[in-house]
file start.cif (mmCIF, C-alpha atoms)
data_my_file
loop_
_atom_site.label_atom_id
_atom_site.label_comp_id
_atom_site.auth_asym_id
_atom_site.auth_seq_id
_atom_site.Cartn_x
_atom_site.Cartn_y
_atom_site.Cartn_z
CA MET A 435 11.98 -12.67 17.63
CA SER A 436 12.03 -9.26 19.33
CA SER A 437 14.42 -6.36 18.92
CA GLY A 438 14.65 -2.83 20.26
CA GLY A 439 12.95 -1.36 23.27
CA SER A 440 11.55 1.85 24.70
CA ASP A 441 11.78 3.57 28.07
CA GLY A 442 9.35 6.37 27.19
CA ASN A 443 6.73 7.61 29.63
CA GLY A 444 4.06 8.09 26.97
CA PRO A 445 1.19 5.72 26.19
CA GLN A 446 1.98 2.15 25.21
CA ILE A 447 0.71 1.31 21.73
CA ALA A 448 0.75 -2.09 20.04
CA VAL A 449 0.70 -2.21 16.23
CA LEU A 450 -0.18 -5.41 14.39
CA GLY A 451 1.28 -5.54 10.89
CA ALA A 452 4.64 -4.38 9.51
CA GLY A 453 3.49 -3.27 6.09
CA ILE A 454 3.62 0.38 5.14
CA LEU A 455 0.53 1.40 7.17
CA GLY A 456 1.68 -0.28 10.36
CA VAL A 457 5.29 0.88 10.11
CA SER A 458 4.38 4.44 9.12
CA THR A 459 1.96 4.78 12.03
CA ALA A 460 4.43 3.20 14.46
CA VAL A 461 7.12 5.74 13.57
CA GLN A 462 4.71 8.64 13.92
CA LEU A 463 3.61 7.33 17.32
CA LEU A 464 7.22 7.18 18.47
CA ARG A 465 7.80 10.72 17.23
CA GLY A 466 4.82 11.75 19.35
CA GLY A 467 6.26 10.27 22.53
CA ALA A 468 4.53 6.89 22.69
CA SER A 469 6.15 3.56 23.47
CA VAL A 470 5.46 1.26 20.52
CA THR A 471 5.57 -2.49 20.00
CA LEU A 472 5.28 -3.50 16.34
CA VAL A 473 4.27 -7.13 15.79
CA THR A 474 4.32 -8.97 12.47
CA ASP A 475 3.50 -12.58 11.63
CA ALA A 476 6.60 -13.02 9.44
CA HIS A 477 8.85 -10.08 8.60
CA PRO A 478 8.40 -6.45 7.48
CA ALA A 479 6.93 -6.02 3.99
CA SER A 480 6.21 -9.74 3.70
CA GLY A 481 2.58 -9.08 2.76
CA ALA A 482 0.90 -6.79 0.25
CA SER A 483 3.53 -4.05 0.70
CA GLY A 484 6.08 -6.42 -0.78
CA ARG A 485 4.11 -7.02 -3.96
CA SER A 486 2.61 -3.62 -4.74
CA LEU A 487 3.27 -1.64 -7.92
CA SER A 488 2.99 1.42 -5.64
CA TRP A 489 1.84 3.95 -8.21
CA LEU A 490 1.48 7.30 -6.41
CA ASN A 491 -1.53 8.97 -7.97
CA SER A 492 -5.03 10.37 -7.63
CA GLY A 493 -6.08 10.25 -11.25
CA GLY A 494 -9.13 8.01 -10.88
CA GLY A 495 -12.67 9.20 -10.42
CA TYR A 496 -12.43 9.31 -6.64
CA PRO A 497 -14.95 11.14 -4.42
CA PRO A 498 -13.67 14.62 -3.46
CA GLU A 499 -12.75 13.68 0.11
CA TYR A 500 -10.81 10.63 -1.07
CA HIS A 501 -9.08 12.70 -3.74
CA ARG A 502 -7.98 15.24 -1.10
CA LEU A 503 -6.58 12.51 1.11
CA ARG A 504 -4.64 10.99 -1.77
CA LEU A 505 -3.23 14.38 -2.74
CA ALA A 506 -2.07 14.86 0.86
CA GLY A 507 -0.48 11.42 0.65
CA MET A 508 1.44 12.39 -2.48
CA ASP A 509 2.50 15.63 -0.79
CA ARG A 510 4.14 13.73 2.09
CA TYR A 511 6.16 11.69 -0.38
CA ARG A 512 7.34 14.83 -2.10
CA THR A 513 8.49 16.17 1.26
CA LEU A 514 10.39 12.95 1.93
CA LEU A 515 12.04 13.15 -1.49
CA ALA A 516 12.93 16.82 -1.02
CA GLU A 517 14.67 15.88 2.23
CA ASN A 518 16.39 12.90 0.58
CA PRO A 519 16.85 13.86 -3.11
CA ASP A 520 19.17 10.97 -3.92
CA LEU A 521 16.69 8.20 -3.13
CA ASP A 522 16.50 5.66 -5.93
CA TRP A 523 13.29 4.07 -4.63
CA LEU A 524 11.03 7.13 -4.70
CA ARG A 525 10.54 9.29 -7.78
CA PHE A 526 8.03 11.69 -9.31
CA ASP A 527 8.67 11.45 -13.04
CA GLY A 528 5.04 11.28 -14.12
CA GLY A 529 2.60 8.63 -15.27
CA VAL A 530 1.61 7.49 -18.77
CA TYR A 531 -1.86 5.99 -19.08
CA TRP A 532 -4.23 4.55 -21.64
CA ASP A 533 -7.01 2.02 -21.33
CA GLY A 534 -8.60 1.86 -24.74
CA GLY A 535 -11.40 4.15 -23.56
CA ALA A 536 -12.20 7.85 -23.78
CA LEU A 537 -8.92 9.43 -22.71
CA ALA A 538 -10.17 12.93 -23.50
CA ASP A 539 -13.00 12.54 -20.97
CA ARG A 540 -10.61 11.29 -18.29
CA CYS A 541 -8.22 14.14 -19.02
CA GLU A 542 -10.99 16.74 -18.83
CA ALA A 543 -12.31 15.31 -15.55
CA GLN A 544 -8.83 15.47 -14.05
CA ARG A 545 -8.31 19.03 -15.20
CA ASP A 546 -11.65 20.02 -13.66
CA ARG A 547 -10.15 18.99 -10.30
CA GLY A 548 -6.94 20.90 -10.90
CA TYR A 549 -5.04 17.64 -11.46
CA ASP A 550 -2.26 18.14 -14.00
CA ALA A 551 -3.20 16.15 -17.10
CA ARG A 552 -2.06 16.32 -20.72
CA LEU A 553 -3.01 14.43 -23.85
CA VAL A 554 0.20 13.66 -25.75
CA PRO A 555 0.50 12.15 -29.25
CA ALA A 556 2.62 9.03 -29.48
CA SER A 557 5.19 10.95 -31.47
CA GLY A 558 5.67 13.39 -28.59
CA VAL A 559 5.88 10.91 -25.70
CA ALA A 560 9.68 10.81 -25.72
CA GLY A 561 9.70 14.48 -24.77
CA VAL A 562 7.77 13.90 -21.54
CA ALA A 563 8.36 10.23 -20.74
CA PRO A 564 11.49 8.75 -22.31
CA GLY A 565 12.07 5.05 -22.67
CA LEU A 566 8.97 4.08 -24.68
CA ASP A 567 8.63 2.95 -28.28
CA PRO A 568 6.25 5.40 -30.01
CA ALA A 569 5.32 2.73 -32.56
CA ALA A 570 3.97 0.51 -29.77
CA LEU A 571 1.70 3.19 -28.33
CA PRO A 572 -1.82 4.24 -29.30
CA ALA A 573 -2.20 7.46 -31.25
CA GLU A 574 -2.58 9.42 -28.02
CA VAL A 575 -1.80 8.81 -24.36
CA LEU A 576 -2.59 10.60 -21.11
CA PHE A 577 0.40 12.03 -19.26
CA ASN A 578 0.18 13.09 -15.60
CA PRO A 579 3.46 14.85 -14.74
CA GLY A 580 2.78 14.96 -10.98
CA GLU A 581 2.54 11.19 -10.47
CA GLY A 582 5.26 8.92 -9.18
CA TRP A 583 6.18 5.59 -7.64
CA VAL A 584 7.77 4.14 -4.53
CA SER A 585 9.28 0.79 -3.65
CA LEU A 586 7.51 0.03 -0.38
CA PRO A 587 10.04 -2.52 0.93
CA HIS A 588 12.76 0.12 0.58
CA LEU A 589 10.59 2.74 2.27
CA ILE A 590 9.75 0.36 5.11
CA ARG A 591 13.45 -0.33 5.72
CA HIS A 592 14.05 3.43 5.74
CA LEU A 593 11.31 3.98 8.32
CA LEU A 594 12.38 1.02 10.47
CA ALA A 595 15.83 2.55 10.85
CA GLU A 596 14.18 5.53 12.56
CA PHE A 597 11.85 3.19 14.45
CA ALA A 598 14.89 1.50 16.02
CA LEU A 599 16.63 4.80 16.80
CA LEU A 600 13.51 6.03 18.58
CA GLY A 601 13.38 2.93 20.75
CA GLY A 602 10.54 0.99 19.19
CA THR A 603 10.22 -2.75 19.83
CA LEU A 604 9.93 -4.94 16.72
CA VAL A 605 8.55 -8.47 17.11
CA THR A 606 8.98 -10.57 13.97
CA ALA A 607 8.01 -14.16 13.11
CA ALA A 608 5.19 -13.93 15.65
CA GLY A 609 2.73 -16.01 13.64
CA PRO A 610 -0.95 -15.10 13.73
CA ALA A 611 -1.49 -12.61 16.54
CA SER A 612 -4.75 -11.58 18.16
CA VAL A 613 -6.18 -8.54 19.87
CA ILE A 614 -6.76 -8.92 23.61
CA VAL A 615 -10.11 -7.53 24.74
CA GLU A 616 -11.02 -6.64 28.31
CA GLY A 617 -14.31 -5.04 29.25
CA GLY A 618 -15.11 -4.47 25.59
CA ALA A 619 -11.91 -2.49 24.96
CA ALA A 620 -8.66 -3.46 23.23
CA VAL A 621 -5.84 -3.77 25.77
CA GLY A 622 -3.03 -5.53 23.94
CA LEU A 623 -1.84 -8.21 21.53
CA ARG A 624 -1.11 -11.87 22.01
CA THR A 625 1.20 -13.73 19.63
CA GLU A 626 0.80 -17.31 18.46
CA SER A 627 3.26 -18.47 21.13
CA GLY A 628 1.21 -16.79 23.87
CA GLU A 629 3.49 -13.78 24.36
CA VAL A 630 1.44 -10.84 25.61
CA HIS A 631 2.04 -7.19 24.70
CA PRO A 632 -0.15 -4.96 26.89
CA ALA A 633 -1.18 -1.64 25.36
CA ASP A 634 -3.30 1.43 25.95
CA ALA A 635 -4.40 1.17 22.32
CA VAL A 636 -3.98 -1.27 19.44
CA LEU A 637 -3.75 -0.65 15.70
CA VAL A 638 -4.72 -3.50 13.39
CA ALA A 639 -2.95 -3.00 10.06
CA ALA A 640 -2.79 -6.61 8.90
CA GLY A 641 -3.47 -6.06 5.20
CA ALA A 642 -5.88 -8.53 3.61
CA GLY A 643 -5.92 -10.46 6.90
CA THR A 644 -7.61 -7.57 8.71
CA PRO A 645 -11.26 -8.57 8.10
CA ALA A 646 -10.69 -12.14 9.31
CA LEU A 647 -8.90 -10.92 12.42
CA LEU A 648 -11.70 -8.48 13.19
CA ASP A 649 -14.28 -11.18 12.57
CA GLY A 650 -12.70 -13.06 15.47
CA LEU A 651 -13.53 -10.02 17.60
CA GLY A 652 -17.15 -10.01 16.51
CA VAL A 653 -16.64 -7.21 13.99
CA GLN A 654 -17.71 -7.96 10.43
CA LEU A 655 -16.00 -5.72 7.89
CA GLN A 656 -16.97 -5.86 4.23
CA ASP A 657 -14.05 -7.37 2.35
CA GLY A 658 -13.28 -7.17 -1.36
CA SER A 659 -9.66 -8.35 -1.20
CA ASP A 660 -8.42 -9.99 -4.39
CA LEU A 661 -5.31 -11.60 -5.81
CA ALA A 662 -2.34 -9.67 -7.16
CA MET A 663 1.08 -10.60 -8.56
CA LEU A 664 4.12 -8.36 -8.87
CA VAL A 665 7.01 -9.34 -11.14
CA VAL A 666 10.48 -7.80 -10.78
CA THR A 667 13.04 -8.24 -13.54
CA GLU A 668 16.73 -8.88 -13.46
CA PRO A 669 18.91 -5.77 -13.92
CA LYS A 670 18.68 -4.43 -17.46
CA ALA A 671 19.66 -1.09 -18.91
CA HIS A 672 16.56 0.96 -19.72
CA SER A 673 15.55 4.60 -19.84
CA LEU A 674 12.01 4.35 -18.48
CA ARG A 675 11.32 6.91 -15.75
CA ALA A 676 7.54 7.30 -15.62
CA VAL A 677 4.98 4.82 -14.37
CA LEU A 678 3.26 3.13 -17.32
CA ASN A 679 -0.35 1.93 -17.01
CA THR A 680 -1.89 0.10 -19.98
CA PRO A 681 -4.62 -2.52 -20.50
CA ARG A 682 -2.10 -5.39 -20.63
CA VAL A 683 0.69 -4.36 -18.29
CA SER A 684 1.61 -1.70 -15.74
CA VAL A 685 5.33 -1.01 -15.39
CA ARG A 686 7.57 1.21 -13.29
CA PRO A 687 11.30 1.53 -12.69
CA HIS A 688 12.69 -0.42 -9.74
CA PRO A 689 15.96 0.13 -7.86
CA GLY A 690 19.02 -1.52 -9.36
CA SER A 691 18.13 -0.93 -13.05
CA ARG A 692 15.20 -3.31 -12.67
CA LEU A 693 11.55 -3.01 -13.65
CA ALA A 694 8.47 -3.92 -11.62
CA MET A 695 5.21 -4.84 -13.32
CA ASP A 696 1.74 -6.26 -12.84
CA SER A 697 -1.65 -6.61 -14.55
CA THR A 698 -5.00 -8.35 -14.06
CA TRP A 699 -5.54 -10.47 -17.17
CA TYR A 700 -3.89 -13.53 -15.62
CA LEU A 701 -5.59 -13.55 -12.21
CA ASP A 702 -7.90 -16.44 -13.12
CA GLN A 703 -4.80 -18.52 -13.89
CA ILE A 704 -3.43 -18.26 -10.34
CA THR A 705 -4.16 -21.39 -8.30
CA PRO A 706 -4.02 -22.02 -4.54
CA ASN A 707 -1.45 -24.35 -2.99
CA ASP A 708 -2.05 -26.78 -0.15
CA ASP A 709 0.28 -24.74 2.07
CA GLY A 710 -1.88 -21.63 1.73
CA GLY A 711 0.31 -20.03 -0.95
CA TRP A 712 -0.35 -19.48 -4.65
CA SER A 713 1.11 -20.68 -7.94
CA VAL A 714 1.01 -19.56 -11.55
CA ASP A 715 2.30 -21.12 -14.76
CA PRO A 716 5.77 -19.60 -15.42
CA GLN A 717 4.62 -18.96 -18.99
CA VAL A 718 2.25 -16.31 -17.61
CA VAL A 719 5.22 -14.52 -16.10
CA LEU A 720 7.11 -14.75 -19.39
CA ASP A 721 4.11 -13.35 -21.26
CA LEU A 722 3.79 -10.43 -18.85
CA VAL A 723 7.48 -9.58 -19.20
CA ASP A 724 7.13 -9.73 -22.99
CA GLU A 725 4.16 -7.34 -22.82
CA ALA A 726 6.40 -4.84 -21.03
CA SER A 727 9.33 -5.32 -23.40
CA ALA A 728 7.11 -4.65 -26.43
CA LEU A 729 6.37 -1.14 -25.11
CA LEU A 730 9.93 -0.12 -24.28
CA ALA A 731 12.38 1.59 -26.58
CA GLY A 732 14.66 -0.99 -28.19
CA HIS A 733 12.49 -3.84 -26.89
CA PRO A 734 15.10 -5.06 -24.37
CA ARG A 735 15.10 -8.73 -23.49
CA LEU A 736 13.67 -8.73 -19.98
CA VAL A 737 14.05 -11.66 -17.60
CA ALA A 738 11.89 -12.10 -14.53
CA GLN A 739 13.97 -12.33 -11.38
CA SER A 740 11.11 -12.84 -8.95
CA TRP A 741 7.35 -12.84 -8.72
CA ARG A 742 5.20 -12.64 -5.62
CA ILE A 743 1.54 -13.58 -5.39
CA GLY A 744 -0.95 -12.88 -2.64
CA LEU A 745 -4.08 -11.04 -1.64
CA LYS A 746 -4.26 -7.28 -1.93
CA PRO A 747 -6.36 -5.59 0.77
CA VAL A 748 -9.54 -4.05 -0.65
CA PRO A 749 -12.44 -2.85 1.54
CA GLY A 750 -15.87 -3.90 0.29
CA ASP A 751 -16.79 -0.41 -0.91
CA GLY A 752 -13.33 0.30 -2.31
CA ARG A 753 -12.62 3.19 0.08
CA PRO A 754 -10.14 3.18 2.97
CA VAL A 755 -11.12 2.06 6.46
CA LEU A 756 -9.17 4.22 8.92
CA GLY A 757 -9.84 4.95 12.58
CA GLU A 758 -11.13 3.57 15.86
CA LEU A 759 -13.85 0.94 16.11
CA THR A 760 -16.74 2.66 17.88
CA GLY A 761 -17.87 -0.67 19.32
CA MET A 762 -14.43 -1.49 20.70
CA PRO A 763 -12.60 1.46 22.27
CA GLY A 764 -8.83 1.44 21.87
CA CYS A 765 -8.90 -0.71 18.72
CA TYR A 766 -7.91 1.20 15.58
CA VAL A 767 -7.99 -0.13 12.02
CA ALA A 768 -6.00 0.65 8.87
CA PHE A 769 -7.34 -1.27 5.89
CA THR A 770 -7.10 0.07 2.34
CA HIS A 771 -6.16 -0.73 -1.24
CA SER A 772 -4.37 2.63 -1.40
CA GLY A 773 -1.61 1.61 0.99
CA ALA A 774 1.15 3.09 -1.15
CA THR A 775 -0.37 6.50 -1.90
CA LEU A 776 -1.79 6.84 1.63
CA GLY A 777 1.10 5.16 3.44
CA LEU A 778 2.69 8.24 4.98
CA ILE A 779 -0.37 10.46 5.47
CA ALA A 780 -2.51 7.69 6.96
CA GLY A 781 0.21 6.90 9.49
CA GLU A 782 0.48 10.55 10.41
CA LEU A 783 -3.26 11.10 10.89
CA LEU A 784 -3.88 7.82 12.72
CA ALA A 785 -1.01 8.46 15.13
CA ARG A 786 -2.35 11.93 15.83
CA GLU A 787 -5.78 10.49 16.63
CA ILE A 788 -4.39 7.75 18.86
CA LEU A 789 -2.21 10.16 20.83
CA SER A 790 -4.66 13.06 21.12
CA GLY A 791 -8.01 11.29 21.26
CA ARG A 792 -9.27 13.86 18.75
CA ARG A 793 -10.80 12.60 15.53
CA HIS A 794 -9.10 14.11 12.51
CA PRO A 795 -11.63 15.62 10.07
CA MET A 796 -9.86 14.23 7.00
CA LEU A 797 -10.54 10.69 8.22
CA GLY A 798 -14.25 11.35 8.84
CA PRO A 799 -15.49 9.77 5.58
CA PHE A 800 -13.33 6.67 6.06
CA ARG A 801 -14.24 5.52 9.55
CA PRO A 802 -14.99 1.84 10.20
CA GLU A 803 -18.53 2.48 11.44
CA ARG A 804 -19.78 3.11 7.89
CA MET A 805 -19.35 -0.59 7.09
CA ALA A 806 -18.58 -2.46 10.33
CA CYS A 807 -21.20 -4.68 11.97
CA TYR A 808 -20.75 -5.86 15.54
CA ALA A 809 -21.73 -9.22 16.96
CA PRO A 810 -21.23 -10.63 20.46
CA VAL A 811 -17.86 -12.31 20.87
CA ARG A 812 -18.15 -15.88 22.10
CA ALA A 813 -15.74 -17.27 24.66
CA GLY A 814 -12.94 -19.08 22.88
CA GLN A 815 -13.37 -17.15 19.65
CA ALA A 816 -10.08 -16.17 18.02
CA GLY A 817 -8.97 -12.73 19.10
CA PHE A 818 -10.74 -12.74 22.48
CA PHE A 819 -8.72 -13.62 25.54
CA GLY A 820 -10.53 -11.96 28.43
CA GLN A 821 -8.20 -10.68 31.11
CA LEU A 822 -4.52 -9.93 30.59
#

call {"tool": "encode", "arguments": {"input": "start.cif", "output": "C-alpha cells"}}
result
Amino acid sequence: MSSGGSDGNGPQIAVLGAGILGVSTAVQLLRGGASVTLVTDAHPASGASGRSLSWLNSGGGYPPEYHRLRLAGMDRYRTLLAENPDLDWLRFDGGVYWDGGALADRCEAQRDRGYDARLVPASGVAGVAPGLDPAALPAEVLFNPGEGWVSLPHLIRHLLAEFALLGGTLVTAAGPASVIVEGGAAVGLRTESGEVHPADAVLVAAGAGTPALLDGLGVQLQDGSDLAMLVVTEPKAHSLRAVLNTPRVSVRPHPGSRLAMDSTWYLDQITPNDDGGWSVDPQVVLDLVDEASALLAGHPRLVAQSWRIGLKPVPGDGRPVLGELTGMPGCYVAFTHSGATLGLIAGELLAREILSGRRHPMLGPFRPERMACYAPVRAGQAGFFGQL
C-alpha cells in the first residue's frame, strides 16, 4: 500500500526499512530537497525498533570515535526534547546501573572521558532516581544523570508526520524487497509484487535482515544479530523515571504509566515457530515482570500487556555499519545495534552524504568496507534484477 507523493526536483532516493534509521534518514533527505520513497515489508516500527529498550547512553567502554558519535546522537535527542518539552516518550532522567562487577572502575573510566558518573549508596538513590526500593539494591549503584530513553515507535510516528507533510511516499506491506542493480550500481528497489521504485541512490536499513539482503547482492557482511524480547506492562502507577539496568532486568518508563523491560537470561528459552516467528513460555514473561517489581518502591503488581520477540541487528564486530558500499555505487547501508542512540544523528549524517556526495568524517570508522566482502552476483540471485 502506498501513500503520499513528492513533486520535488531533487534526487530520487529509495529507502528500504521503516525502522528508526530508515525513517530518520528519509526525513532528513526530504528536508534536503530530495524526493523520497520509503518502503517497508510490513509497517513502520514492525521490526527491531518496535522491541527496543532504547536506552540513550554512551556509558560502555566504546572506542573514542564511537563514543563521540553516540554523544552526538544523545545531543540530537536533547534538541528534539527542548523543542518539544511535553513529550512523554522521550526523557533524560538519568540511568541507574549495576552488574555485580567493579562499579568503581566503570565510574572512573567514564569520568576520564568527561561522562557524568556518580557512585550512589542505596540509601541515597531516592534523591537522584525515585521509584526504587533501596532494600532491593546493592550497597552502591552507578548513576549517570545525562542518560535517557525513547520509545522508538512513538518517535517514528512523530517523524512520519513530517515525512508526509514534506511529500514523501510511504510504501507499506511490500513484503521482501530487493535492490535493483544496473551496471554495478544501485538504481532502485523492487517489491515482492514486482513494483519498481527507480532511484538515484538506495539506502538499505532493513535491521537484522540487512546482511541477508546484501548477500543477495554479492556482498557478505559479518553478522552477529541475536534474539531480543521486549515486554511492556499494563498501566500501573509508579514513580520510576530513570532507566534501570541490572543483571536480571533492564526497565524504563513507557508512555501511558507503563513500563518496558528486557534482559538476556531467558534467550535460550525462546524457540522458533514454523511461520518464522518466535515463542517463549509465558512463565518467562511473568518471571521477568516479577524481577522488575521486586526492584520498585512498593513492589507494585505488574502485569505484562505485550511482549515482542525478534532479532536485534548486531554487526559482526559490534560497531555500526554506516555509509556507501564501495563496490556498489549508490547503495548505502545503515546497520547497527545502536539504532536508538544513533537514530537521529545517523539519519542526519547519512542524508548529508547521499545528497552532497561528500563523506562525513564522523562516519569514517564505521564504513562498510572494513568488513564487507564482495562476490560476483549470479543471474537470478535475489536482489539482482539487471535493467529497470

call {"tool": "atom_distance", "arguments": {"input": "start.cif", "atom1": "atom CA of Leu756 of chain A", "atom2": "atom CA of Leu778 of chain A"}}
result
13.1 Å

call {"tool": "residues_near_point", "arguments": {"input": "start.cif", "point": "(-2.0, 8.4, 0.7)", "cutoff": "10 Å", "atoms": "all atoms listed in the file", "output": "list in words"}}
result
Leu455, Leu490, Asn491, Ser492, Tyr500, His501, Arg502, Leu503, Arg504, Leu505, Ala506, Gly507, Met508, Asp509, Arg510, Tyr511, Pro754, Thr770, Ser772, Gly773, Ala774, Thr775, Leu776, Gly777, Leu778, Ile779, Ala780 and Gly781 of chain A

call {"tool": "resolve_selection", "arguments": {"input": "start.cif", "expression": "the PyMOL selection byres ((chain A and resi 782-797) around 8)", "output": "VMD selection string"}}
result
chain A and resid 445 458 to 460 462 to 463 466 468 499 503 635 756 to 757 778 to 781 798 to 801

call {"tool": "resolve_selection", "arguments": {"input": "start.cif", "expression": "the PyMOL selection byres ((chain A and resi 551) around 12)", "output": "VMD selection string"}}
result
chain A and resid 491 to 494 528 to 531 537 to 550 552 to 554 575 to 581

call {"tool": "closest_residue", "arguments": {"input": "start.cif", "among": "A:Val457, A:Leu487, A:Ala731, A:Met695", "to": "Val559 of chain A", "atoms": "all atoms listed in the file"}}
result
A:Ala731

call {"tool": "closest_residue", "arguments": {"input": "start.cif", "among": "A:Leu661, A:Gln739, A:Pro610, A:Gly750", "to": "Pro706 of chain A", "atoms": "all atoms listed in the file"}}
result
A:Leu661

call {"tool": "atom_distance", "arguments": {"input": "start.cif", "atom1": "atom CA of Gly534 of chain A", "atom2": "atom CA of Val683 of chain A"}}
result
12.9 Å

call {"tool": "residues_around", "arguments": {"input": "start.cif", "residues": "Arg735 of chain A", "least_positions_apart": "2", "cutoff": "12 Å", "atoms": "all atoms listed in the file", "output": "JSON list (two decimals) with C-alpha atoms, in the coordinates of the input"}}
result
[["chain", "number", "residue", "atom", "x", "y", "z"],
["A", 667, "THR", "CA", 13.04, -8.24, -13.54],
["A", 668, "GLU", "CA", 16.73, -8.88, -13.46],
["A", 669, "PRO", "CA", 18.91, -5.77, -13.92],
["A", 670, "LYS", "CA", 18.68, -4.43, -17.46],
["A", 671, "ALA", "CA", 19.66, -1.09, -18.91],
["A", 672, "HIS", "CA", 16.56, 0.96, -19.72],
["A", 693, "LEU", "CA", 11.55, -3.01, -13.65],
["A", 720, "LEU", "CA", 7.11, -14.75, -19.39],
["A", 723, "VAL", "CA", 7.48, -9.58, -19.20],
["A", 724, "ASP", "CA", 7.13, -9.73, -22.99],
["A", 725, "GLU", "CA", 4.16, -7.34, -22.82],
["A", 726, "ALA", "CA", 6.40, -4.84, -21.03],
["A", 727, "SER", "CA", 9.33, -5.32, -23.40],
["A", 728, "ALA", "CA", 7.11, -4.65, -26.43],
["A", 729, "LEU", "CA", 6.37, -1.14, -25.11],
["A", 730, "LEU", "CA", 9.93, -0.12, -24.28],
["A", 731, "ALA", "CA", 12.38, 1.59, -26.58],
["A", 732, "GLY", "CA", 14.66, -0.99, -28.19],
["A", 733, "HIS", "CA", 12.49, -3.84, -26.89],
["A", 737, "VAL", "CA", 14.05, -11.66, -17.60],
["A", 738, "ALA", "CA", 11.89, -12.10, -14.53]]

call {"tool": "residues_near_point", "arguments": {"input": "start.cif", "point": "(4.3, -15.1, 11.9)", "cutoff": "9 Å", "atoms": "all atoms listed in the file", "output": "MDAnalysis selection string"}}
result
chainID A and resid 473:477 606:611 625:626

call {"tool": "closest_residue", "arguments": {"input": "start.cif", "among": "A:Val755, A:Ile743, A:Val449, A:Ala556", "to": "Ala482 of chain A", "atoms": "only C-alpha atoms"}}
result
A:Ile743

call {"tool": "atom_distance", "arguments": {"input": "start.cif", "atom1": "atom CA of Arg742 of chain A", "atom2": "atom CA of Pro716 of chain A"}}
result
12.0 Å

call {"tool": "resolve_selection", "arguments": {"input": "start.cif", "expression": "the PyMOL selection byres ((chain A and resi 620) around 12)", "output": "PyMOL selection string"}}
result
chain A and resi 447-449+612-619+621-624+631-638+648+651+758-767+817-822

call {"tool": "closest_residue", "arguments": {"input": "start.cif", "among": "A:Lys746, A:Arg686, A:Arg692, A:Arg753", "to": "Ala640 of chain A", "atoms": "all atoms listed in the file"}}
result
A:Lys746

call {"tool": "closest_residue", "arguments": {"input": "start.cif", "among": "A:Ala569, A:Val719, A:Ala563, A:Ala646", "to": "Leu678 of chain A", "atoms": "only C-alpha atoms"}}
result
A:Ala563

call {"tool": "closest_residue", "arguments": {"input": "start.cif", "among": "A:Leu604, A:Val677, A:Leu745, A:Leu599", "to": "Asp660 of chain A", "atoms": "only C-alpha atoms"}}
result
A:Leu745

call {"tool": "axis_aligned_box", "arguments": {"input": "start.cif", "around": "segment 487-492 of chain A", "padding_each_side": "8 Å", "output": "lines of an AutoDock Vina configuration file"}}
result
center_x = -0.9
center_y = 4.4
center_z = -6.9
size_x = 24.3
size_y = 28.0
size_z = 18.6

call {"tool": "residues_around", "arguments": {"input": "start.cif", "residues": "Leu594 of chain A", "least_positions_apart": "4", "cutoff": "8 Å", "atoms": "only C-alpha atoms", "output": "list in words"}}
result
Val457, Val461, Ile590 and Ala598 of chain A
